[in-house]
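run-v5.cif (mmCIF, C-alpha atoms and all ligand atoms) appears below.
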```cif
data_protein
loop_
_atom_site.label_atom_id
_atom_site.label_comp_id
_atom_site.auth_asym_id
_atom_site.auth_seq_id
_atom_site.Cartn_x
_atom_site.Cartn_y
_atom_site.Cartn_z
CA MET A 1 20.26 -123.05 53.90
CA THR A 2 18.85 -121.41 56.99
CA ALA A 3 15.72 -119.37 57.59
CA PRO A 4 14.57 -117.06 54.79
CA LEU A 5 15.39 -113.36 54.71
CA ARG A 6 12.05 -111.55 54.68
CA VAL A 7 11.40 -108.50 52.56
CA ALA A 8 8.84 -105.73 53.03
CA LEU A 9 7.88 -104.10 49.75
CA LEU A 10 6.61 -100.52 49.98
CA GLY A 11 4.67 -99.68 46.81
CA CYS A 12 3.51 -101.95 44.05
CA GLY A 13 3.37 -99.90 40.86
CA THR A 14 5.26 -100.67 37.66
CA VAL A 15 8.58 -101.21 39.43
CA GLY A 16 7.21 -102.90 42.57
CA SER A 17 5.21 -105.45 40.62
CA ALA A 18 8.24 -106.26 38.43
CA VAL A 19 10.31 -106.72 41.63
CA LEU A 20 7.68 -109.11 43.03
CA ARG A 21 7.55 -111.14 39.82
CA LEU A 22 11.34 -111.42 39.50
CA LEU A 23 11.68 -112.36 43.18
CA ASP A 24 9.28 -115.23 42.52
CA GLU A 25 10.70 -116.34 39.16
CA GLN A 26 14.32 -116.24 40.31
CA ALA A 27 13.81 -117.49 43.86
CA ASP A 28 16.16 -120.47 43.53
CA ASP A 29 19.00 -118.52 41.91
CA LEU A 30 18.68 -115.66 44.40
CA ALA A 31 18.79 -118.09 47.32
CA ALA A 32 21.92 -119.71 45.90
CA ARG A 33 23.61 -116.35 45.33
CA ILE A 34 22.74 -114.96 48.77
CA GLY A 35 23.09 -118.16 50.82
CA ARG A 36 19.57 -117.85 52.21
CA PRO A 37 16.16 -117.82 50.53
CA VAL A 38 14.37 -114.48 50.14
CA GLU A 39 10.68 -114.33 50.93
CA VAL A 40 8.16 -111.50 50.67
CA ALA A 41 6.78 -110.67 54.13
CA GLY A 42 4.29 -108.03 53.03
CA VAL A 43 3.42 -105.44 50.40
CA ALA A 44 2.25 -102.00 51.53
CA VAL A 45 -0.09 -100.23 49.09
CA ARG A 46 -2.68 -97.48 49.33
CA ARG A 47 -5.48 -99.39 47.56
CA PRO A 48 -5.31 -103.18 48.10
CA ASP A 49 -8.30 -103.70 45.75
CA ARG A 50 -6.12 -102.51 42.87
CA HIS A 51 -3.59 -105.36 43.28
CA PRO A 52 -5.32 -108.66 42.45
CA GLU A 53 -1.91 -110.05 41.33
CA VAL A 54 -0.56 -109.92 44.92
CA PRO A 55 -1.65 -112.70 47.33
CA ALA A 56 -4.23 -111.03 49.59
CA HIS A 57 -2.54 -112.11 52.84
CA LEU A 58 0.58 -110.07 51.89
CA LEU A 59 -1.24 -106.80 51.25
CA THR A 60 -1.47 -104.10 53.89
CA THR A 61 -2.17 -100.38 54.00
CA ASP A 62 -0.11 -99.98 57.18
CA ALA A 63 3.41 -99.41 55.83
CA GLN A 64 4.70 -98.13 59.19
CA ALA A 65 3.73 -101.35 60.97
CA LEU A 66 5.16 -103.46 58.13
CA VAL A 67 8.64 -101.87 58.13
CA THR A 68 9.04 -102.36 61.89
CA ARG A 69 7.71 -105.92 62.07
CA ASP A 70 10.07 -108.40 63.79
CA ASP A 71 9.79 -110.88 60.92
CA VAL A 72 11.03 -108.31 58.34
CA ASP A 73 14.77 -108.16 57.58
CA LEU A 74 14.97 -105.91 54.51
CA VAL A 75 12.81 -103.11 53.11
CA VAL A 76 12.36 -102.19 49.44
CA GLU A 77 10.94 -98.68 48.98
CA VAL A 78 9.45 -97.95 45.57
CA ILE A 79 6.71 -95.48 46.49
CA GLY A 80 8.76 -92.39 45.56
CA GLY A 81 8.34 -88.80 46.81
CA ILE A 82 9.54 -87.31 50.07
CA GLU A 83 6.84 -88.36 52.54
CA PRO A 84 5.87 -90.87 53.78
CA ALA A 85 8.98 -92.50 52.22
CA ARG A 86 11.41 -90.59 54.47
CA THR A 87 9.59 -91.42 57.72
CA LEU A 88 9.24 -95.07 56.70
CA MET A 89 12.92 -95.33 55.82
CA LEU A 90 13.98 -93.84 59.16
CA ALA A 91 11.63 -96.19 60.99
CA ALA A 92 13.12 -99.15 59.10
CA PHE A 93 16.68 -98.13 60.04
CA ALA A 94 15.71 -97.60 63.68
CA ALA A 95 14.25 -101.12 63.66
CA GLY A 96 17.51 -102.53 62.25
CA LYS A 97 16.39 -103.16 58.65
CA SER A 98 18.47 -102.38 55.59
CA VAL A 99 16.71 -100.42 52.87
CA VAL A 100 16.82 -100.58 49.07
CA SER A 101 15.22 -97.57 47.43
CA ALA A 102 14.56 -96.18 43.95
CA ASN A 103 13.71 -92.74 45.36
CA LYS A 104 15.83 -90.08 43.61
CA ALA A 105 13.89 -87.10 45.00
CA LEU A 106 14.37 -88.21 48.60
CA LEU A 107 18.02 -89.21 48.19
CA ALA A 108 18.80 -85.93 46.39
CA ASP A 109 17.14 -83.94 49.18
CA ASP A 110 18.22 -85.77 52.27
CA GLY A 111 20.83 -88.37 51.33
CA VAL A 112 23.39 -87.37 53.96
CA ALA A 113 20.93 -87.57 56.88
CA LEU A 114 19.52 -90.88 55.63
CA HIS A 115 23.00 -92.37 55.27
CA ALA A 116 23.85 -91.16 58.77
CA ALA A 117 20.74 -92.87 60.15
CA ALA A 118 21.60 -96.11 58.33
CA ALA A 119 25.20 -95.98 59.59
CA GLU A 120 24.03 -95.31 63.13
CA ALA A 121 21.84 -98.40 62.96
CA GLY A 122 24.60 -100.47 61.31
CA VAL A 123 22.44 -101.25 58.27
CA ASP A 124 22.58 -100.56 54.53
CA LEU A 125 21.01 -97.92 52.30
CA TYR A 126 21.38 -98.77 48.59
CA TYR A 127 19.62 -96.95 45.73
CA GLU A 128 21.11 -97.94 42.38
CA ALA A 129 17.67 -97.70 40.72
CA ALA A 130 17.34 -94.00 41.64
CA VAL A 131 19.71 -92.87 38.86
CA ALA A 132 19.60 -94.12 35.27
CA GLY A 133 17.36 -97.15 35.94
CA ALA A 134 19.09 -100.39 35.03
CA ILE A 135 22.54 -98.86 34.46
CA PRO A 136 25.00 -99.82 37.22
CA MET A 137 26.27 -96.36 37.96
CA LEU A 138 26.16 -95.58 41.66
CA ARG A 139 28.04 -98.68 42.81
CA PRO A 140 30.86 -97.96 40.29
CA LEU A 141 31.10 -94.40 41.66
CA ARG A 142 30.86 -95.47 45.29
CA GLU A 143 33.12 -98.54 45.05
CA SER A 144 34.91 -99.27 41.75
CA LEU A 145 36.15 -95.68 41.28
CA ALA A 146 36.72 -94.98 44.98
CA GLY A 147 40.49 -95.03 44.45
CA ASP A 148 40.46 -92.48 41.64
CA GLN A 149 39.94 -88.70 41.37
CA LEU A 150 36.91 -87.77 39.29
CA ARG A 151 36.94 -84.65 37.17
CA ARG A 152 33.57 -84.75 35.43
CA VAL A 153 30.43 -86.82 35.24
CA VAL A 154 28.13 -85.97 32.32
CA GLY A 155 24.88 -87.84 31.95
CA ILE A 156 21.82 -88.20 29.78
CA VAL A 157 19.73 -89.31 32.73
CA ASN A 158 16.19 -88.60 31.57
CA GLY A 159 14.71 -90.84 28.91
CA THR A 160 11.60 -88.76 28.24
CA THR A 161 13.53 -85.65 27.26
CA ASN A 162 16.09 -87.69 25.33
CA TYR A 163 13.26 -89.25 23.32
CA ILE A 164 11.78 -85.80 22.58
CA LEU A 165 15.13 -84.28 21.53
CA SER A 166 15.97 -87.36 19.42
CA ARG A 167 12.65 -87.04 17.56
CA MET A 168 13.19 -83.29 17.03
CA ALA A 169 16.57 -84.11 15.44
CA GLU A 170 15.18 -86.96 13.32
CA THR A 171 12.02 -85.25 12.05
CA GLY A 172 12.67 -81.50 12.30
CA ALA A 173 9.62 -81.24 14.59
CA GLY A 174 9.27 -78.52 17.21
CA PHE A 175 9.19 -79.25 20.94
CA ALA A 176 5.36 -79.28 21.27
CA GLU A 177 4.92 -81.75 18.41
CA ALA A 178 7.64 -84.10 19.69
CA LEU A 179 6.21 -83.94 23.24
CA ALA A 180 2.73 -84.82 21.90
CA GLU A 181 4.20 -87.85 20.14
CA ALA A 182 6.08 -88.90 23.31
CA THR A 183 2.84 -88.60 25.30
CA ASP A 184 0.87 -90.66 22.74
CA LEU A 185 3.48 -93.42 22.85
CA GLY A 186 3.60 -93.46 26.66
CA TYR A 187 7.19 -92.12 26.90
CA ALA A 188 5.99 -88.89 28.54
CA GLU A 189 3.64 -88.78 31.51
CA ALA A 190 0.30 -86.91 31.39
CA ASP A 191 2.00 -84.20 33.47
CA PRO A 192 5.50 -84.11 31.96
CA THR A 193 6.79 -81.23 34.15
CA ALA A 194 9.28 -83.24 36.23
CA ASP A 195 10.95 -84.61 33.11
CA VAL A 196 10.61 -81.70 30.65
CA ASP A 197 11.63 -78.98 33.13
CA GLY A 198 14.66 -80.95 34.29
CA PHE A 199 13.63 -81.66 37.92
CA ASP A 200 14.11 -85.42 37.49
CA ALA A 201 17.56 -84.95 35.93
CA ALA A 202 18.55 -82.40 38.61
CA ALA A 203 17.80 -84.86 41.43
CA LYS A 204 19.88 -87.52 39.67
CA ALA A 205 22.70 -85.01 39.07
CA ALA A 206 22.79 -84.19 42.81
CA ILE A 207 23.16 -87.89 43.67
CA LEU A 208 25.88 -88.41 41.04
CA ALA A 209 27.81 -85.32 42.16
CA SER A 210 27.66 -86.29 45.84
CA LEU A 211 29.19 -89.70 45.12
CA ALA A 212 31.67 -88.47 42.52
CA PHE A 213 33.09 -85.62 44.59
CA HIS A 214 32.64 -86.88 48.19
CA THR A 215 30.61 -83.78 48.92
CA ALA A 216 27.02 -83.25 50.05
CA VAL A 217 25.15 -81.93 47.00
CA THR A 218 21.37 -81.51 47.08
CA ALA A 219 18.91 -80.80 44.26
CA SER A 220 18.78 -77.15 45.38
CA ASP A 221 22.51 -76.83 44.53
CA VAL A 222 21.84 -77.83 40.92
CA TYR A 223 21.30 -75.17 38.24
CA ARG A 224 18.37 -76.34 36.12
CA GLU A 225 16.92 -75.51 32.71
CA GLY A 226 14.53 -77.84 30.91
CA ILE A 227 13.96 -78.42 27.20
CA SER A 228 10.64 -76.66 26.56
CA ALA A 229 12.40 -73.62 25.05
CA VAL A 230 14.47 -75.72 22.61
CA THR A 231 13.32 -74.93 19.08
CA ALA A 232 13.56 -76.68 15.72
CA LEU A 233 15.98 -73.88 14.75
CA ASP A 234 18.27 -74.70 17.71
CA VAL A 235 18.37 -78.32 16.58
CA ALA A 236 19.04 -77.33 12.95
CA ARG A 237 21.80 -74.92 14.01
CA ALA A 238 23.41 -77.71 16.04
CA ALA A 239 23.40 -79.99 12.97
CA GLU A 240 25.11 -77.26 10.90
CA ILE A 241 28.16 -77.40 13.17
CA GLY A 242 28.21 -81.20 13.48
CA CYS A 243 26.41 -81.24 16.82
CA THR A 244 23.26 -82.66 18.35
CA VAL A 245 21.15 -81.24 21.20
CA LYS A 246 20.94 -83.23 24.45
CA LEU A 247 19.65 -82.48 27.95
CA LEU A 248 22.84 -82.94 29.96
CA ALA A 249 23.36 -83.38 33.68
CA ILE A 250 26.89 -82.03 34.16
CA CYS A 251 28.75 -82.51 37.44
CA GLU A 252 32.27 -81.12 37.44
CA ARG A 253 35.08 -80.23 39.74
CA VAL A 254 36.17 -76.71 38.86
CA ALA A 255 39.54 -75.32 39.96
CA ASN A 256 39.64 -71.77 41.21
CA GLY A 257 42.12 -69.63 43.11
CA ALA A 258 40.94 -70.41 46.61
CA GLY A 259 40.47 -74.14 45.99
CA ASP A 260 38.25 -76.45 44.01
CA SER A 261 34.49 -76.23 43.87
CA VAL A 262 31.72 -78.39 42.44
CA ALA A 263 29.49 -77.11 39.65
CA VAL A 264 26.36 -79.11 38.95
CA ARG A 265 23.96 -78.11 36.19
CA VAL A 266 21.20 -79.52 34.03
CA HIS A 267 20.45 -77.81 30.73
CA PRO A 268 20.12 -78.51 27.04
CA ALA A 269 23.40 -78.23 25.15
CA MET A 270 24.89 -78.88 21.74
CA ILE A 271 27.47 -81.69 21.76
CA PRO A 272 29.52 -82.91 18.80
CA THR A 273 28.03 -85.93 17.02
CA THR A 274 31.40 -87.62 17.55
CA HIS A 275 30.97 -87.52 21.35
CA PRO A 276 29.89 -90.92 22.77
CA LEU A 277 26.84 -89.28 24.40
CA ALA A 278 25.59 -88.04 21.01
CA ALA A 279 24.89 -91.64 19.97
CA VAL A 280 22.51 -92.16 22.90
CA GLY A 281 19.15 -92.00 21.14
CA GLY A 282 15.48 -92.45 22.00
CA SER A 283 14.65 -93.08 25.63
CA PHE A 284 18.07 -94.56 26.51
CA ASN A 285 20.30 -93.10 29.23
CA ALA A 286 24.09 -92.92 29.50
CA VAL A 287 26.66 -91.49 31.86
CA PHE A 288 30.13 -90.42 30.73
CA VAL A 289 32.81 -90.22 33.42
CA GLU A 290 36.22 -88.54 33.24
CA ALA A 291 38.65 -89.67 35.95
CA GLU A 292 42.32 -88.87 36.52
CA ALA A 293 43.63 -92.41 36.37
CA ALA A 294 40.83 -94.34 34.64
CA GLY A 295 40.44 -91.78 31.86
CA GLU A 296 37.08 -91.79 30.08
CA LEU A 297 34.34 -94.33 30.90
CA MET A 298 30.83 -94.65 29.50
CA PHE A 299 27.84 -96.41 31.05
CA TYR A 300 24.82 -96.97 28.77
CA GLY A 301 21.42 -98.63 29.02
CA ARG A 302 17.76 -98.35 29.88
CA GLY A 303 17.00 -95.59 32.34
CA ALA A 304 13.37 -96.37 33.07
CA GLY A 305 10.68 -99.06 32.84
CA GLY A 306 9.49 -101.73 35.25
CA GLU A 307 11.91 -104.56 34.51
CA PRO A 308 15.09 -102.50 33.93
CA THR A 309 14.50 -100.59 37.16
CA ALA A 310 13.61 -103.82 38.99
CA SER A 311 16.94 -105.29 37.84
CA ALA A 312 18.76 -102.50 39.71
CA VAL A 313 16.53 -102.96 42.77
CA LEU A 314 17.19 -106.71 42.84
CA GLY A 315 20.94 -106.17 42.42
CA ASP A 316 20.84 -103.98 45.52
CA LEU A 317 18.63 -106.47 47.32
CA VAL A 318 21.17 -109.23 46.72
CA ALA A 319 23.96 -106.93 47.98
CA VAL A 320 22.19 -105.95 51.20
CA ALA A 321 21.01 -109.53 51.76
CA ARG A 322 24.59 -110.82 51.41
CA ASN A 323 25.74 -108.19 53.90
CA ARG A 324 23.00 -109.28 56.28
CA VAL A 325 24.07 -112.94 55.94
CA ALA A 326 27.69 -111.93 56.59
CA GLY A 327 26.65 -109.75 59.53
CA VAL A 328 28.20 -106.60 58.05
CA ALA A 329 27.08 -103.32 56.50
CA GLY A 330 28.32 -102.21 53.07
CA PRO A 331 29.99 -98.87 52.30
CA GLY A 332 28.00 -95.70 52.88
CA ILE A 333 28.88 -92.30 51.44
CA THR A 334 31.75 -90.01 52.32
CA THR A 335 31.36 -86.23 52.27
CA TYR A 336 34.77 -85.34 53.71
CA ALA A 337 35.79 -83.16 50.70
CA GLU A 338 33.08 -80.58 51.50
CA LEU A 339 33.70 -78.72 48.23
CA PRO A 340 31.62 -75.55 47.92
CA ALA A 341 28.93 -75.40 45.24
CA ARG A 342 29.89 -73.07 42.40
CA PRO A 343 26.96 -70.97 41.14
CA ILE A 344 26.12 -71.14 37.44
CA ALA A 345 27.03 -67.44 37.05
CA GLU A 346 30.67 -68.30 37.82
CA THR A 347 30.75 -71.62 35.97
CA PRO A 348 32.67 -71.56 32.68
CA THR A 349 30.44 -72.39 29.70
CA ARG A 350 30.38 -71.77 25.93
CA TYR A 351 27.49 -70.40 23.91
CA HIS A 352 26.29 -70.83 20.32
CA VAL A 353 24.29 -67.74 19.28
CA SER A 354 22.34 -66.93 16.09
CA LEU A 355 21.39 -63.32 15.34
CA ASP A 356 19.38 -61.69 12.58
CA VAL A 357 21.08 -58.39 11.75
CA ALA A 358 21.08 -55.67 9.13
CA ASP A 359 23.74 -56.43 6.50
CA LYS A 360 25.61 -53.16 6.45
CA PRO A 361 29.08 -51.88 7.36
CA GLY A 362 29.91 -51.85 11.04
CA VAL A 363 27.25 -54.29 12.27
CA LEU A 364 29.64 -57.21 12.77
CA ALA A 365 32.08 -54.87 14.53
CA THR A 366 29.33 -53.58 16.85
CA VAL A 367 28.23 -57.10 17.70
CA ALA A 368 31.83 -58.27 18.28
CA GLN A 369 32.40 -55.21 20.45
CA GLU A 370 29.58 -56.27 22.79
CA PHE A 371 31.16 -59.70 23.30
CA ALA A 372 34.51 -58.01 24.00
CA ARG A 373 32.89 -55.56 26.45
CA GLN A 374 31.60 -58.51 28.51
CA GLY A 375 35.02 -60.22 28.37
CA VAL A 376 33.75 -63.00 26.11
CA SER A 377 36.12 -64.28 23.43
CA ILE A 378 34.61 -65.35 20.09
CA ALA A 379 35.81 -68.70 18.66
CA THR A 380 34.04 -68.64 15.27
CA VAL A 381 31.68 -66.36 13.32
CA ARG A 382 29.70 -67.30 10.23
CA GLN A 383 27.59 -64.88 8.21
CA ASP A 384 24.81 -65.89 5.81
CA GLY A 385 23.71 -62.84 3.81
CA HIS A 386 20.27 -62.41 2.32
CA GLY A 387 19.39 -59.03 0.78
CA ASP A 388 19.88 -56.22 3.27
CA ALA A 389 19.67 -58.70 6.12
CA ALA A 390 22.08 -61.34 7.39
CA THR A 391 22.32 -64.09 9.96
CA LEU A 392 25.35 -64.19 12.22
CA VAL A 393 26.17 -67.50 13.86
CA ILE A 394 28.69 -67.09 16.68
CA VAL A 395 30.36 -69.72 18.85
CA THR A 396 32.20 -68.35 21.89
CA HIS A 397 35.16 -69.62 23.82
CA SER A 398 34.54 -70.53 27.41
CA ALA A 399 33.60 -67.67 29.79
CA PRO A 400 31.72 -67.33 33.08
CA ASP A 401 28.06 -68.05 32.31
CA ALA A 402 27.01 -64.66 33.72
CA ALA A 403 29.18 -62.85 31.14
CA LEU A 404 27.64 -64.89 28.35
CA SER A 405 24.08 -64.30 29.46
CA ALA A 406 24.78 -60.56 29.95
CA THR A 407 26.08 -60.46 26.37
CA ILE A 408 22.83 -62.02 25.10
CA THR A 409 20.76 -59.48 27.07
CA ALA A 410 22.78 -56.63 25.58
CA LEU A 411 22.52 -58.04 22.04
CA ARG A 412 18.74 -58.24 22.32
CA GLU A 413 18.68 -54.48 22.96
CA MET A 414 21.06 -53.42 20.17
CA PRO A 415 19.38 -51.52 17.30
CA ALA A 416 21.56 -53.37 14.75
CA VAL A 417 20.23 -56.73 15.97
CA ARG A 418 16.80 -57.55 14.56
CA GLY A 419 16.49 -60.68 16.64
CA VAL A 420 18.42 -63.20 18.70
CA THR A 421 16.97 -66.34 17.14
CA SER A 422 18.85 -69.15 18.89
CA VAL A 423 20.99 -69.40 22.05
CA LEU A 424 22.28 -72.70 23.36
CA ARG A 425 25.28 -73.78 25.41
CA VAL A 426 27.90 -75.94 23.72
CA GLU A 427 29.78 -78.77 25.45
CA GLY A 428 32.68 -80.92 24.31
CA LEU A 429 33.64 -78.85 21.26
CA SER A 430 37.39 -78.51 20.83
N1 LIG B 501 10.93 -90.21 34.14
C1 LIG B 501 12.27 -90.68 34.03
C2 LIG B 501 12.72 -90.63 32.59
C3 LIG B 501 12.47 -92.07 34.54
O1 LIG B 501 12.00 -90.17 31.70
O2 LIG B 501 13.86 -91.04 32.35
C4 LIG B 501 12.42 -92.18 36.03
O3 LIG B 501 13.43 -91.43 36.63
#
```
As structure tokens, please, write out the structure in this file.
Amino acid sequence: MTAPLRVALLGCGTVGSAVLRLLDEQADDLAARIGRPVEVAGVAVRRPDRHPEVPAHLLTTDAQALVTRDDVDLVVEVIGGIEPARTLMLAAFAAGKSVVSANKALLADDGVALHAAAAEAGVDLYYEAAVAGAIPMLRPLRESLAGDQLRRVVGIVNGTTNYILSRMAETGAGFAEALAEATDLGYAEADPTADVDGFDAAAKAAILASLAFHTAVTASDVYREGISAVTALDVARAAEIGCTVKLLAICERVANGAGDSVAVRVHPAMIPTTHPLAAVGGSFNAVFVEAEAAGELMFYGRGAGGEPTASAVLGDLVAVARNRVAGVAGPGITTYAELPARPIAETPTRYHVSLDVADKPGVLATVAQEFARQGVSIATVRQDGHGDAATLVIVTHSAPDAALSATITALREMPAVRGVTSVLRVEGLS
């Protein structure tokens, strides 16, 4: 064995401290797997007094100086957010260091430029931990499936919202009650906006879509709806048709006349309980892939937490360390396909709609007429009568999302419709 490879750790929160502990506990195995020992050169934090577990001589508040130090070979970035992470990463590349990151927001925003900077410097940028925590997902897309054509990648990539929706299904609770429980148990953060409103899932969807379709996709290309408007009635309606409600990150290649495009969206949807993703309960994550040659694949596991996320970080660290020992850089990303982003309005979706209507002749015909007027074909209609009122439950065939949402707007204004009580997209229903 030769001289140690020296690692700069940026950030020492839940994930960073798990990385430090595993680096120490597994030092001998890691050295044997890499061919050289790995040593921590320094840990950059904002408040050194808050990290009594880290040897004092390793702590620094000067992250910029740490990433460019001559005795640092590799950088692990687990501070998150756009700045200063972006500047630090670029400084590390310019100084010839490979970077392992867990930063989904930064990679979703600026992945292409960061990869270009890494390639220019001849170093690696790996970020398995940025999407679905411990689940090996990005390396399979970037490497194992690089010889295949991907059609669709559908993920449950946010554990907080999956926990909330799972509890709503199990207990019949509304969103607010399930969120309060998730907060009490530590599954939801004090400010749950990033999770509940789908920002976290949208960043992950952009990263998945970029790798799956060899196209630059950023978070701003992703259509996003969160789960705060999902009601107990939506969940009950889903159960009536053998479905469950999940927050899905859907990345798909859509054929159109002029050529293919990429549609990326995050929204709650009903999926059949027979779909593999329906069995993903609690705070677990999973990603379902449909490829031309491979067929259907499913990746499942823990999407968050210190140790599961540290496992992905260490896997990347071993990969970039091996590359460093071999004197090579690993694969970057390719964006040669340059598929245009398809707006949600033009993306084909299906809706499940519940309406309260007057139960009298002609109402069903008037409602059906409105769907027809918008060019939306109805797949099934169920009516539950009660007195002079009735509930209509309609599932559509697939249509451009704009036509479906225009239909809902029109239904809300029809005198025969007393209320549109539930509207949710449906995925995976035959
Ligand atoms: N907050 C995320 C989740 C984990 O709830 O899954 C980190 O991306």
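Take CA of Arg224 (chain A) and CA of Glu307 (chain A): the distance between them is 29.0 Å.
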Checklist entry - Please, which residues have at least one atom within 9 Å of an atom of ligand LIG 501 (chain B), using all atoms listed in the file, listed as a PyMOL selection string? => result chain A and resi 102-104+129-133+156-163+187-189+192+194-196+200-201+204+283-285+302-305+309
Checklist entry - Pick the closest to Gly122 (chain A) from A:Gly428, A:Leu5, A:Ala94, A:Arg151: which is it, counting only C-alpha atoms? => result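 The shortest atom-to-atom distance to Gly122 (chain A) comes from A:Ala94.
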Checklist entry - To one decimal place, how far is CA of Thr409 (chain A) from CA of Pro340 (chain A) in Å? => result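 It comes out at 28.5 Å.
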Next on the checklist: Give me, as a list in words, all polymer residues having an atom no more than 7 Å from region 392-402 of chain A, counting all atoms listed in the file and skipping those fewer than 3 positions away in the same chain.
Outcome noted: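 Within the cut-off, the hits are Ile344, Ala345, Glu346, Thr347, Pro348, Thr349, Arg350, Tyr351, His352, Val353, Ser354, Leu355, Asp356, Val376, Ser377, Ile378, Ala379, Thr380, Val381, Arg382, Gln383, Asp384, Ser405 and Ala406 of chain A.
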Checklist entry - Using all atoms listed in the file, which of A:Ile408, A:Leu339, A:Ala326, A:Val67 sits nearest Ala368 (chain A)? => result A:Ile408
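Among the candidate residues A:Val235, A:Ala146, A:Leu114, A:Leu10, the one lying nearest to Leu424 (chain A) is A:Val235, with distances computed using all atoms listed in the file.
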Next on the checklist: List as a PyMOL selection string the protein and nucleic acid residues near region 331-337 of chain A, meaning an atom at most 12 Å away when only C-alpha atoms are counted, but skip any in the same chain fewer than 4 places from it.
Outcome noted: chain A and resi 98+107+111-120+122-127+138-139+141-144+146+149+207-217+253+259-262+319-320+323+341
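Relative to CA of Val264 (chain A), CA of Phe175 (chain A) is found at 24.9 Å.
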